[in-house]
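What follows is a single structure, written as structure tokens, with notes after it.
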Amino acid sequence: MARSLATSPASGRADPVVVGALVVAAGLRLLGLGAAPLAPAEAPFWGAATAPGSVLPAIALASGIPPLGTGLAHLAGALGGVNELIVRWPAAAAGVALVALLVPLARRLGGRTLGRWAAWIAATSPFLVFYDRTATPLALTTLLATLATWYYLFLPTGRQWALVRFGGAMLLLATASLATPLLMIAQGMFLWVRRARAHLWWQWGRGVMVALVVTLLWLGRLEPGAAEPAGGLAGIGARLVGSLVAFALGETLPLWQPVSLAGLVLVGGLAGLGLWRVHRPGRQFLLIFGGVPLLLASVAPRELPGEVPLVLWAAPAWPAFGLAVAAGVAALGPTGRRVAFAGLAAVAAFGVGGVFQLPASAPPAFRLPLLEVVRFIAARAEPGDVVVATAETMLPHHAERHPLGLRVVDARAAAAVVAAERPPRVWYLALLPEEASAERAPRWLPEHYRLVEQRSYGEPDPLSQALRQAQGVPEHTHLLLALYQRR
């Protein structure tokens, strides 16, 4: 496999074009990394960073996220203190490392030019920049999937260290992402398509054995229903299209904008051209390592606990997608490359710009205005008020950064606290998967308190909401704030 894909050996000298891509990648991922308040999707990593090490397994199980990412967040917090920057920097570092790792893989696929384009496409990808700036498992998943694929290509050498490195990368991936089996299936299918001999199947089987056992053990510990399919055939198609659109444009560009439609045509056309022009082993590699995880991710799971985005399951497919786009650019002539560069630069500028603004088309779990809500409560609060909030709102964290001067109670323990203290007024804050309404408040509240006021925040734009509903995936898209007064 490695020899059939090795069309150009990697140079031992540093390529200034690649170095420039790495500098840009670091800048886009680190600039203002700690400025944005933590989002609900980042709650498991924040909890891991602030909690004692003994409760890390419980946090991982509750979130449905394997423990490597939350463990790194805990280590980062222990070494550098706990704040937004510290919790997010492991993901940002993984994103920059992915750019570096993708270069030798691209060179094996199509030479130095392809490696350069792959570096810049990964460095400026709105999709990668968005998730590399968040405390979620996606950046680590994409990096480790690429690392495992790189070592996988060296299995035909038969060397023991090749097997050890491949097995180690797969084990790390299994401790970071539930999407590991999707990559395993792609690896097995590539062996079958390439008509690998029995000894290579044996090498691969030994390499994935421990990772498979770890994944199965982890899946067995999760609560039932943590990976249920949803939405039927229409939902599968919508999830597949949604993942491809996210790969191409990122998570912040509204689909109806001309730059979005033009960007989809451009990126899709370049990926198709790359698949057509690359040599046959490379085409098989890109189609299998890109297509299989995408299709399986669309068929199998719903969102994980903690509002981890559905596209996390498809993350192992992004390197093949990026390589296909880079191969399309590399196949063009000088004029075509300049046109493609201008178009990709425009998509990157608009998409990455949206990362720093988080418009209404961004995933709900990242753009809800929790800090704005905290300030509103602080401005309207009266002595004796109690704030009841669900854990997903991250209200205790935001109240710590911007003191409310009020007692904040977790919704799971609020009934007993309110019954004992009988505060004159109760603020209730919750994330809901549908239109926010006080009817969704706990039953004990209306029994002893009357509703005075309610506000709803964070509704997405209609088209983005329709697409997410078509995917058959429940999301916490609305933030409810309700004020109750004692009867």
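Here's how to read the names in the structure tokens: chain A, B, ... by the order shown, residue numbers from 1 in each chain, ligand numbers from 1 in the order shown.
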
All residues 10 Å or closer to Gly27 in chain A, only C-alpha atoms, same chain fewer than 6 positions away omitted, as a PyMOL selection string | chain A and resi 21+33+92+96+123

Of the residues A:Gly274, A:Pro66, A:Gly343, A:Gly53, which is the one nearest to Thr136 in chain A, using only C-alpha atoms?
->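 That would be A:Pro66, the residue with the smallest distance to Thr136 in chain A.
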
Which of A:Gly110, A:Pro281, A:Gly220, A:Pro57 sits closest to Val193 in chain A [using only C-alpha atoms] =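 Looking only at the distances to Val193 in chain A, the closest residue turns out to be A:Pro281.
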
Can you check which residues of range 92-330 of chain A DSSP gives as helix (DSSP H, G or I) on the backbone and send them as number ranges by chain?
-> A: 92-110, 112-124, 126-132, 138-152, 155-157, 160-174, 180-193, 198-221, 232-249, 258-277, 280-299, 310-330

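Counting only C-alpha atoms, the residue from A:Ala139, A:Ala100, A:Val129, A:Leu68 that sits nearest to Gly20 in chain A is A:Ala100.
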
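Using only C-alpha atoms, the residues found no farther than 6 Å from range 166-177 of chain A, other than those of its own chain fewer than 3 positions away, are A:Pro66, A:Pro67, A:Leu68, A:Gly69, A:Thr141, A:Leu144, A:Ala148, A:Tyr151, A:Tyr152, A:Leu163, A:Thr180, A:Gly207, A:Val208, A:Ala211, A:Thr215.
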
Among the residues A:Leu105, A:Leu261, A:Val18, A:Leu395, the one that comes closest to Thr146 in chain A [using only C-alpha atoms] =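 Answer, going by the shortest atom-to-atom distance: A:Leu105.
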
Using only C-alpha atoms, pick whichever of A:Val408, A:Leu102, A:Ala135, A:Ala179 has the shortest atom-to-atom distance to Ala122 in chain A.
->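 The shortest atom-to-atom distance to Ala122 in chain A comes from A:Leu102.
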
Distance query Ala315 in chain A at most 12 Å, only C-alpha atoms, self and fewer than 6 positions along chain excluded, as a PyMOL selection string = chain A and resi 127-128+131+136-146+173+176-180+182-183+243-244+246-247+289-298+309+321-322

Taken to one decimal, the CA of Ala349 in chain A-CA of Val19 in chain A distance is 20.1 Å

Tell me, which residues of range 272-461 of chain A carry DSSP strand (DSSP E or B), written as a PyMOL selection string?
-> chain A and resi 304+308+386-389+407-410+425-432+449-457

For Arg277 in chain A, which of A:Ala330, A:Val210, A:Leu79, A:Leu240 is the closest residue, counting only C-alpha atoms?
->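 Selected residue with least distance to Arg277 in chain A: A:Ala330.
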
May I have the residues within 9 Å of Gly47 in chain A as a ChimeraX atom specification, using only C-alpha atoms and disregarding those fewer than 2 positions away in the same chain?
-> /A:42-45,49-51,56,59,70,73-74

Keeping only C-alpha atoms, write the selected residues to a file as a CSV table (one decimal), in the first residue's frame.
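out-v5.csv was written with the following content:
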chain,number,residue,atom,x,y,z
A,42,GLU,CA,-17.6,22.2,26.0
A,43,ALA,CA,-19.1,21.3,29.4
A,44,PRO,CA,-17.5,17.8,29.7
A,45,PHE,CA,-14.0,19.2,29.1
A,49,ALA,CA,-10.4,20.4,34.0
A,50,THR,CA,-11.9,21.5,37.3
A,51,ALA,CA,-12.7,18.2,38.9
A,56,LEU,CA,-12.8,11.7,35.4
A,59,ILE,CA,-17.5,12.6,33.6
A,70,THR,CA,-11.2,15.0,29.0
A,73,ALA,CA,-8.2,18.9,29.6
A,74,HIS,CA,-7.6,17.8,33.3
